[in-house]
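*Asks:* So that you have it, the file is coords_5.txt, and it contains compact mmCIF, C-alpha atoms:
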```txt
# COMPACT_ATOMS: atom_id res chain seq x y z
CA MET A 191 96.58 85.59 115.85
CA LYS A 192 94.23 87.67 118.00
CA ILE A 193 92.93 90.80 116.34
CA ALA A 194 90.70 93.44 117.91
CA VAL A 195 88.99 96.09 115.81
CA SER A 196 88.17 99.39 117.49
CA GLY A 197 86.69 102.63 116.26
CA LYS A 198 83.92 105.10 116.84
CA GLY A 199 80.33 104.19 116.10
CA GLY A 200 79.71 104.57 112.38
CA SER A 201 83.39 104.32 111.45
CA GLY A 202 82.87 101.04 109.63
CA LYS A 203 84.71 98.92 112.20
CA THR A 204 82.11 96.14 112.00
CA THR A 205 82.32 96.01 108.19
CA ILE A 206 86.07 95.66 108.47
CA ALA A 207 85.95 93.10 111.30
CA GLY A 208 83.37 90.95 109.49
CA THR A 209 85.11 91.03 106.13
CA LEU A 210 88.49 90.31 107.73
CA ALA A 211 87.07 87.28 109.56
CA ARG A 212 85.65 85.85 106.32
CA ALA A 213 88.90 86.64 104.49
CA PHE A 214 91.00 84.72 107.05
CA GLY A 215 88.59 81.81 106.67
CA ARG A 216 89.06 81.83 102.90
CA MET A 217 92.78 81.79 103.48
CA GLY A 218 92.35 78.44 105.24
CA GLN A 219 92.21 79.51 108.89
CA ARG A 220 89.68 78.41 111.49
CA VAL A 221 88.25 81.67 112.66
CA LEU A 222 86.33 82.80 115.71
CA ALA A 223 84.51 86.08 115.13
CA ILE A 224 83.56 87.72 118.41
CA ASP A 225 80.95 90.43 118.66
CA ALA A 226 81.84 92.40 121.79
CA ASP A 227 79.70 95.39 120.91
CA PRO A 228 76.64 95.76 123.17
CA ASN A 229 74.86 96.91 120.04
CA PRO A 230 75.71 93.75 118.10
CA ASN A 231 75.77 93.88 114.33
CA LEU A 232 78.62 91.61 113.28
CA ALA A 233 76.28 88.77 112.23
CA THR A 234 74.84 90.70 109.30
CA LEU A 235 78.30 91.74 108.10
CA LEU A 236 79.26 88.05 108.10
CA GLY A 237 76.36 87.22 105.82
CA MET A 238 73.36 86.50 108.03
CA SER A 239 69.99 88.10 107.43
CA GLN A 240 68.56 90.44 110.07
CA GLU A 241 66.04 87.76 110.92
CA GLU A 242 68.68 85.08 111.43
CA ALA A 243 70.81 87.52 113.41
CA ALA A 244 67.91 88.34 115.71
CA SER A 245 67.57 84.68 116.68
CA ILE A 246 71.18 84.35 117.91
CA VAL A 247 71.42 83.38 121.55
CA PRO A 248 74.04 85.47 123.35
CA LEU A 249 76.63 83.87 125.59
CA PRO A 250 75.36 82.99 129.06
CA ARG A 251 76.79 85.08 131.90
CA ASP A 252 78.05 82.16 133.96
CA LEU A 253 80.99 81.09 131.79
CA LEU A 254 83.66 82.36 134.15
CA ARG A 255 84.81 80.67 137.33
CA GLU A 256 87.25 81.79 139.94
CA GLU A 257 90.52 79.94 140.27
CA THR A 258 93.64 80.45 142.29
CA ASP A 259 96.86 80.80 140.34
CA ALA A 260 100.36 79.67 141.35
CA SER A 261 101.00 82.85 143.32
CA GLY A 262 97.76 82.47 145.26
CA SER A 263 95.91 85.26 143.45
CA ARG A 264 92.33 84.77 142.43
CA ILE A 265 91.82 84.82 138.70
CA LEU A 266 88.84 84.28 136.42
CA LYS A 267 89.02 81.49 133.86
CA LEU A 268 86.53 80.07 131.39
CA ALA A 269 84.37 77.32 132.85
CA MET A 270 84.39 75.49 129.48
CA ASN A 271 87.12 75.30 126.90
CA PRO A 272 86.78 77.72 123.97
CA ASP A 273 86.07 74.97 121.42
CA ALA A 274 83.22 73.68 123.57
CA ILE A 275 81.88 77.23 123.91
CA ALA A 276 82.09 77.69 120.13
CA GLU A 277 80.31 74.39 119.64
CA ALA A 278 77.56 75.13 122.15
CA TYR A 279 76.90 78.82 121.51
CA GLY A 280 78.60 79.64 118.22
CA VAL A 281 76.83 80.27 114.95
CA LYS A 282 78.48 78.90 111.84
CA VAL A 283 78.74 81.33 108.96
CA PRO A 284 80.47 80.83 105.59
CA ASP A 285 84.23 80.40 105.13
CA ASN A 286 84.83 78.35 108.27
CA VAL A 287 83.99 81.22 110.59
CA THR A 288 82.14 80.73 113.88
CA LEU A 289 80.45 83.74 115.43
CA LEU A 290 80.01 84.31 119.16
CA VAL A 291 77.86 87.19 120.35
CA GLY A 292 78.39 88.74 123.78
CA GLY A 293 74.95 90.19 124.05
CA LYS A 294 72.79 93.21 123.90
CA VAL A 295 72.74 95.86 126.58
CA ASP A 296 69.71 97.89 127.44
CA HIS A 297 71.04 101.41 127.75
CA ALA A 298 67.82 102.61 129.32
CA GLY A 299 69.21 101.64 132.72
CA SER A 300 71.56 103.86 134.68
CA GLY A 301 75.21 103.95 133.56
CA MET B 77 72.92 96.62 132.86
CA CYS B 78 76.53 97.75 132.65
CA ALA B 79 77.49 95.37 135.45
CA SER B 80 76.09 92.63 133.28
CA HIS B 81 78.08 93.79 130.29
CA SER B 82 81.29 93.93 132.31
CA THR B 83 80.76 90.21 132.94
CA VAL B 84 80.43 89.74 129.18
CA ARG B 85 83.64 91.71 128.65
CA GLY B 86 85.41 89.38 131.05
CA ILE B 87 84.15 86.29 129.24
CA LEU B 88 85.07 87.63 125.80
CA GLY B 89 88.52 88.69 127.02
CA GLU B 90 89.20 85.18 128.30
CA LEU B 91 87.84 83.67 125.07
CA MET B 92 90.29 85.73 123.04
CA ALA B 93 93.05 84.69 125.38
CA GLU B 94 92.32 80.97 125.46
CA ALA B 95 90.95 80.27 121.96
CA ASP B 96 93.27 78.19 119.85
CA ARG B 97 92.40 79.80 116.53
CA VAL B 98 92.38 83.10 114.76
CA THR B 99 90.02 85.51 116.51
CA VAL B 100 88.64 88.73 115.12
CA THR B 101 86.79 90.80 117.70
CA ASP B 102 84.47 93.68 116.95
CA MET B 103 85.06 95.84 120.02
CA GLU B 104 82.65 98.20 121.71
CA ALA B 105 82.50 101.58 120.03
CA GLY B 106 84.75 104.20 121.54
CA LEU B 107 87.66 103.54 123.84
CA GLU B 108 86.16 103.87 127.31
CA HIS B 109 85.82 100.11 127.59
CA LEU B 110 89.32 99.09 126.61
CA SER B 111 90.93 97.61 129.68
CA ARG B 112 93.74 95.27 130.53
CA GLY B 113 91.30 92.44 131.14
CA THR B 114 89.63 92.63 127.76
CA VAL B 115 92.70 93.12 125.61
CA LYS B 116 95.51 91.42 127.47
CA HIS B 117 96.07 88.81 124.76
CA VAL B 118 95.36 90.93 121.71
CA ASP B 119 98.23 90.64 119.22
CA ILE B 120 97.09 93.42 116.97
CA LEU B 121 94.69 96.28 117.61
CA LEU B 122 93.24 97.86 114.49
CA ILE B 123 92.04 101.42 114.93
CA VAL B 124 89.50 102.35 112.28
CA VAL B 125 89.46 106.05 111.45
CA GLU B 126 87.50 108.28 109.15
CA PRO B 127 89.06 111.29 107.47
CA TYR B 128 88.01 113.98 109.89
CA TYR B 129 89.81 115.51 112.80
CA ARG B 130 87.82 114.19 115.75
CA SER B 131 88.10 110.66 114.45
CA LEU B 132 91.87 111.05 114.11
CA GLU B 133 92.10 112.53 117.58
CA THR B 134 90.24 109.50 118.99
CA ALA B 135 92.64 107.22 117.11
CA PHE B 136 95.57 108.97 118.75
CA ARG B 137 94.06 108.49 122.22
CA THR B 138 93.29 104.85 121.43
CA HIS B 139 96.89 104.33 120.35
CA ASN B 140 98.21 105.80 123.61
CA LEU B 141 95.82 103.70 125.65
CA ALA B 142 96.85 100.58 123.72
CA ARG B 143 100.46 101.30 124.69
CA GLU B 144 99.51 101.65 128.35
CA LEU B 145 97.58 98.39 128.21
CA GLY B 146 100.56 96.54 126.79
CA ILE B 147 99.16 95.79 123.32
CA GLU B 148 102.17 94.94 121.21
CA ARG B 149 101.06 96.25 117.87
CA ASP B 150 98.42 98.66 116.76
CA PHE B 151 97.68 100.00 113.32
CA VAL B 152 95.43 102.62 111.86
CA VAL B 153 92.99 101.54 109.15
CA ALA B 154 91.80 104.57 107.22
CA ASN B 155 88.21 104.02 106.14
CA LYS B 156 85.73 105.84 103.89
CA VAL B 157 88.53 107.55 102.02
CA ARG B 158 86.88 109.56 99.26
CA THR B 159 89.66 111.67 97.82
CA PRO B 160 93.45 111.73 97.62
CA ARG B 161 93.24 114.73 99.95
CA ASP B 162 91.43 112.57 102.56
CA GLU B 163 94.16 109.99 102.43
CA GLU B 164 96.88 112.60 102.57
CA ALA B 165 95.34 114.20 105.66
CA ILE B 166 95.20 110.86 107.47
CA ARG B 167 98.75 109.96 106.50
CA GLU B 168 100.01 113.34 107.60
CA PHE B 169 98.29 113.06 110.98
CA CYS B 170 99.62 109.53 111.49
CA GLN B 171 103.15 110.50 110.59
CA ARG B 172 103.11 113.52 112.88
CA ASN B 173 101.80 111.41 115.78
CA HIS B 174 103.83 108.27 115.19
CA LEU B 175 100.88 106.09 114.26
CA ASN B 176 101.37 103.29 111.75
CA ILE B 177 98.83 103.13 108.98
CA ILE B 178 98.31 99.68 107.48
CA ALA B 179 95.45 100.19 105.01
CA ALA B 180 93.43 102.89 103.32
CA ILE B 181 89.99 101.64 102.34
CA PRO B 182 88.14 103.72 99.78
CA TYR B 183 84.62 104.92 100.37
CA ASP B 184 82.49 102.41 98.51
CA GLU B 185 78.73 102.70 98.23
CA ARG B 186 78.52 98.97 97.60
CA PHE B 187 79.03 98.47 101.34
CA THR B 188 75.78 100.35 101.87
CA GLU B 189 74.04 98.44 99.09
CA ALA B 190 75.19 95.13 100.55
CA GLU B 191 73.85 96.13 103.94
CA ARG B 192 70.49 97.09 102.48
CA LEU B 193 70.26 93.70 100.77
CA GLU B 194 71.37 91.94 103.99
CA LYS B 195 74.40 90.47 102.31
CA ALA B 196 77.99 90.30 103.51
CA PRO B 197 80.16 92.62 101.40
CA LEU B 198 82.15 89.57 100.29
CA ASP B 199 78.99 87.80 99.07
CA TYR B 200 77.61 90.89 97.38
CA ASP B 201 80.56 91.83 95.22
CA ALA B 202 83.93 90.40 96.13
CA SER B 203 85.57 92.30 93.31
CA ASP B 204 84.68 95.77 94.49
CA LYS B 205 87.43 98.14 95.51
CA GLY B 206 86.55 98.41 99.20
CA VAL B 207 86.44 94.64 99.71
CA ALA B 208 89.63 94.21 97.68
CA GLU B 209 91.47 96.52 100.05
CA ILE B 210 90.20 94.63 103.12
CA LEU B 211 91.35 91.35 101.54
CA ARG B 212 94.74 92.92 101.04
CA LEU B 213 94.74 93.95 104.70
CA ALA B 214 93.99 90.34 105.71
CA GLN B 215 96.98 89.16 103.69
CA ALA B 216 99.19 91.79 105.28
CA LEU B 217 98.09 90.80 108.78
CA GLN B 218 98.56 87.11 108.08
CA THR B 219 102.14 87.53 106.92
CA HIS B 220 102.76 89.71 109.99
CA THR B 221 104.89 91.94 107.87
CA PRO B 222 102.52 94.76 107.16
CA PRO B 223 103.66 96.79 104.20
CA GLN B 224 103.88 100.52 104.52
CA VAL B 225 101.12 101.98 102.44
```
Show me, as structure tokens, the structure contained in the file I just sent.

*Replies:*
Amino acid sequence: MKIAVSGKGGSGKTTIAGTLARAFGRMGQRVLAIDADPNPNLATLLGMSQEEAASIVPLPRDLLREETDASGSRILKLAMNPDAIAEAYGVKVPDNVTLLVGGKVDHAGSG
Amino acid sequence: MCASHSTVRGILGELMAEADRVTVTDMEAGLEHLSRGTVKHVDILLIVVEPYYRSLETAFRTHNLARELGIERDFVVANKVRTPRDEEAIREFCQRNHLNIIAAIPYDERFTEAERLEKAPLDYDASDKGVAEILRLAQALQTHTPPQV
């Protein structure tokens, strides 16, 4: 099951995403929580302190590689399998949830 | 900087697609960044709304975009519902615009307290009414037969 949580800033989407991830873990699932927000805050909603959250290393940018599919089109695939990525870059939080953080974006630059 | 984040979007989209476990993704705020690449393997898109018109309007646009992007199922989650009138307004809007609402989460100041204390809502007070409703939502999603609320 792949769930994406969207909403405006301040709507509480991160609270809902974080609590849902922990809830699925309590229900016996292995869960990957993915923070795709360039202003990442999911870690704290999963139970980490601000200090712990600040020390999370975001995913490196070189995890995609180009492949050619059966029809000859170029597609992008992960250079490592997802479990290996979770193992290498994921942060374990309670209830069998692993968190992956995409990274922070400096909005001072041009759009 | 945005070029860099589009790379991140690509990686996270593929992770969602290829991961062999339940994934819950906290998306970028707003809907400008929803694209086929990032959501192509999303089973369920949850659209979190607050009980005011502009939030509902955004939810409607998100729903239409989700359709265009081929997302199979999307549901509205009403959040910060303070009064029966709030809930009624959201339900009315959803009904009129053919949006499915899957949960109505009450406004709960314990979410704010938990945040101040740097605790997850579940660790702070798992019995509170807001958390209880999110747990119910998790059950509904897991069974894949979301009840009409």

*Asks:* Env of Ala95 of chain B: 10 Å cut, atoms = only C-alpha atoms, seq-sep filter 4 positions within chain, self excluded. Answer as a PyMOL selection string.

*Replies:* (chain A and resi 191-192+221-222+271-273+275-276) or (chain B and resi 90-91+99)

*Asks:* Please, could you write that set of residues out with C-alpha atoms as an mmCIF file, keeping the file's coordinate frame?

*Replies:*
```cif
data_model
loop_
_atom_site.group_PDB
_atom_site.id
_atom_site.type_symbol
_atom_site.label_atom_id
_atom_site.label_comp_id
_atom_site.auth_asym_id
_atom_site.auth_seq_id
_atom_site.Cartn_x
_atom_site.Cartn_y
_atom_site.Cartn_z
ATOM 1 C CA MET A 191 96.580 85.590 115.850
ATOM 2 C CA LYS A 192 94.230 87.670 118.000
ATOM 3 C CA VAL A 221 88.250 81.670 112.660
ATOM 4 C CA LEU A 222 86.330 82.800 115.710
ATOM 5 C CA ASN A 271 87.120 75.300 126.900
ATOM 6 C CA PRO A 272 86.780 77.720 123.970
ATOM 7 C CA ASP A 273 86.070 74.970 121.420
ATOM 8 C CA ILE A 275 81.880 77.230 123.910
ATOM 9 C CA ALA A 276 82.090 77.690 120.130
ATOM 10 C CA GLU B 90 89.200 85.180 128.300
ATOM 11 C CA LEU B 91 87.840 83.670 125.070
ATOM 12 C CA THR B 99 90.020 85.510 116.510
#
```

*Asks:* Between B:Asn173, B:Pro182, B:Pro197, B:Leu145, which one has atoms that come closest to Thr159 of chain B, using all atoms listed in the file?

*Replies:* B:Pro182

*Asks:* Would you list which chain A residues are within 7 Å of chain B using all atoms listed in the file, as a count of residues only?

*Replies:* 46

*Asks:* Skip Pro160 of chain B itself and residues of its chain fewer than 2 positions away, then list as a list in words all residues within 12 Å of it, counting only C-alpha atoms.

*Replies:*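 The residues satisfying every condition are Pro127, Lys156, Val157, Arg158, Asp162, Glu163, Glu164, Ala165, Ile166, Arg167, Ala180, Ile181, Pro182 and Tyr183 of chain B.
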
*Asks:* Atom CA of Leu232 of chain A and atom CA of Asp204 of chain B are how many Å apart?

*Replies:*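 Computing it gives 20.2 Å between the two atoms.
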
*Asks:* For atom CA of Asp184 of chain B and atom CA of Lys205 of chain B, determine how far apart the two atoms are, in Å to one decimal place.

*Replies:* 7.2 Å

*Asks:* Might you pull out every residue within 8 Å of Glu257 of chain A, with only C-alpha atoms counted and same-chain residues fewer than 4 positions away left off, and present them as a list in words?

*Replies:* Arg264, Ile265, Leu266 and Lys267 of chain A

*Asks:* Pick from A:Ser245, A:Gly293, A:Ser261, A:Arg255: nearest to Val281 of chain A, with all atoms listed in the file counted?

*Replies:*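 Nearest candidate to Val281 of chain A out of A:Ser245, A:Gly293, A:Ser261, A:Arg255: A:Ser245.
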
*Asks:* Can you tell me how far atom CA of Gly280 of chain A sits from atom CA of Pro230 of chain A, in Å to one decimal?

*Replies:*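 So the answer is 14.4 Å.
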
*Asks:* N, CA and C atoms are what I want for segment 193-212 of chain A; can you complete it accordingly and write them as a short mmCIF file (atom, residue, chain, number, x, y, z; two decimals), keeping the file's coordinate frame?

*Replies:*
```
data_model
loop_
_atom_site.label_atom_id
_atom_site.label_comp_id
_atom_site.auth_asym_id
_atom_site.auth_seq_id
_atom_site.Cartn_x
_atom_site.Cartn_y
_atom_site.Cartn_z
N ILE A 193 93.09 89.45 116.86
CA ILE A 193 92.93 90.80 116.34
C ILE A 193 91.71 91.45 116.95
N ALA A 194 91.84 92.68 117.43
CA ALA A 194 90.70 93.44 117.91
C ALA A 194 90.53 94.65 117.02
N VAL A 195 89.28 94.96 116.69
CA VAL A 195 88.99 96.09 115.81
C VAL A 195 88.22 97.14 116.60
N SER A 196 88.82 98.32 116.73
CA SER A 196 88.17 99.39 117.49
C SER A 196 87.87 100.56 116.57
N GLY A 197 87.04 101.44 117.04
CA GLY A 197 86.69 102.63 116.26
C GLY A 197 85.42 103.23 116.81
N LYS A 198 85.15 104.45 116.38
CA LYS A 198 83.92 105.10 116.84
C LYS A 198 82.72 104.45 116.16
N GLY A 199 81.55 104.65 116.74
CA GLY A 199 80.33 104.19 116.10
C GLY A 199 80.23 104.82 114.72
N GLY A 200 79.86 104.03 113.72
CA GLY A 200 79.71 104.57 112.38
C GLY A 200 80.98 104.63 111.56
N SER A 201 82.11 104.23 112.17
CA SER A 201 83.39 104.32 111.45
C SER A 201 83.56 103.21 110.42
N GLY A 202 82.73 102.18 110.54
CA GLY A 202 82.87 101.04 109.63
C GLY A 202 83.68 99.91 110.24
N LYS A 203 83.89 99.96 111.56
CA LYS A 203 84.71 98.92 112.20
C LYS A 203 84.10 97.53 112.04
N THR A 204 82.76 97.46 112.10
CA THR A 204 82.11 96.14 112.00
C THR A 204 82.23 95.57 110.58
N THR A 205 82.12 96.43 109.59
CA THR A 205 82.32 96.01 108.19
C THR A 205 83.72 95.43 108.03
N ILE A 206 84.69 96.11 108.60
CA ILE A 206 86.07 95.66 108.47
C ILE A 206 86.30 94.37 109.26
N ALA A 207 85.77 94.31 110.49
CA ALA A 207 85.95 93.10 111.30
C ALA A 207 85.31 91.89 110.61
N GLY A 208 84.09 92.06 110.12
CA GLY A 208 83.37 90.95 109.49
C GLY A 208 84.06 90.46 108.22
N THR A 209 84.47 91.40 107.40
CA THR A 209 85.11 91.03 106.13
C THR A 209 86.48 90.40 106.38
N LEU A 210 87.20 90.91 107.37
CA LEU A 210 88.49 90.31 107.73
C LEU A 210 88.31 88.87 108.20
N ALA A 211 87.30 88.64 109.04
CA ALA A 211 87.07 87.28 109.56
C ALA A 211 86.82 86.32 108.40
N ARG A 212 85.95 86.71 107.48
CA ARG A 212 85.65 85.85 106.32
C ARG A 212 86.90 85.67 105.45
#
```
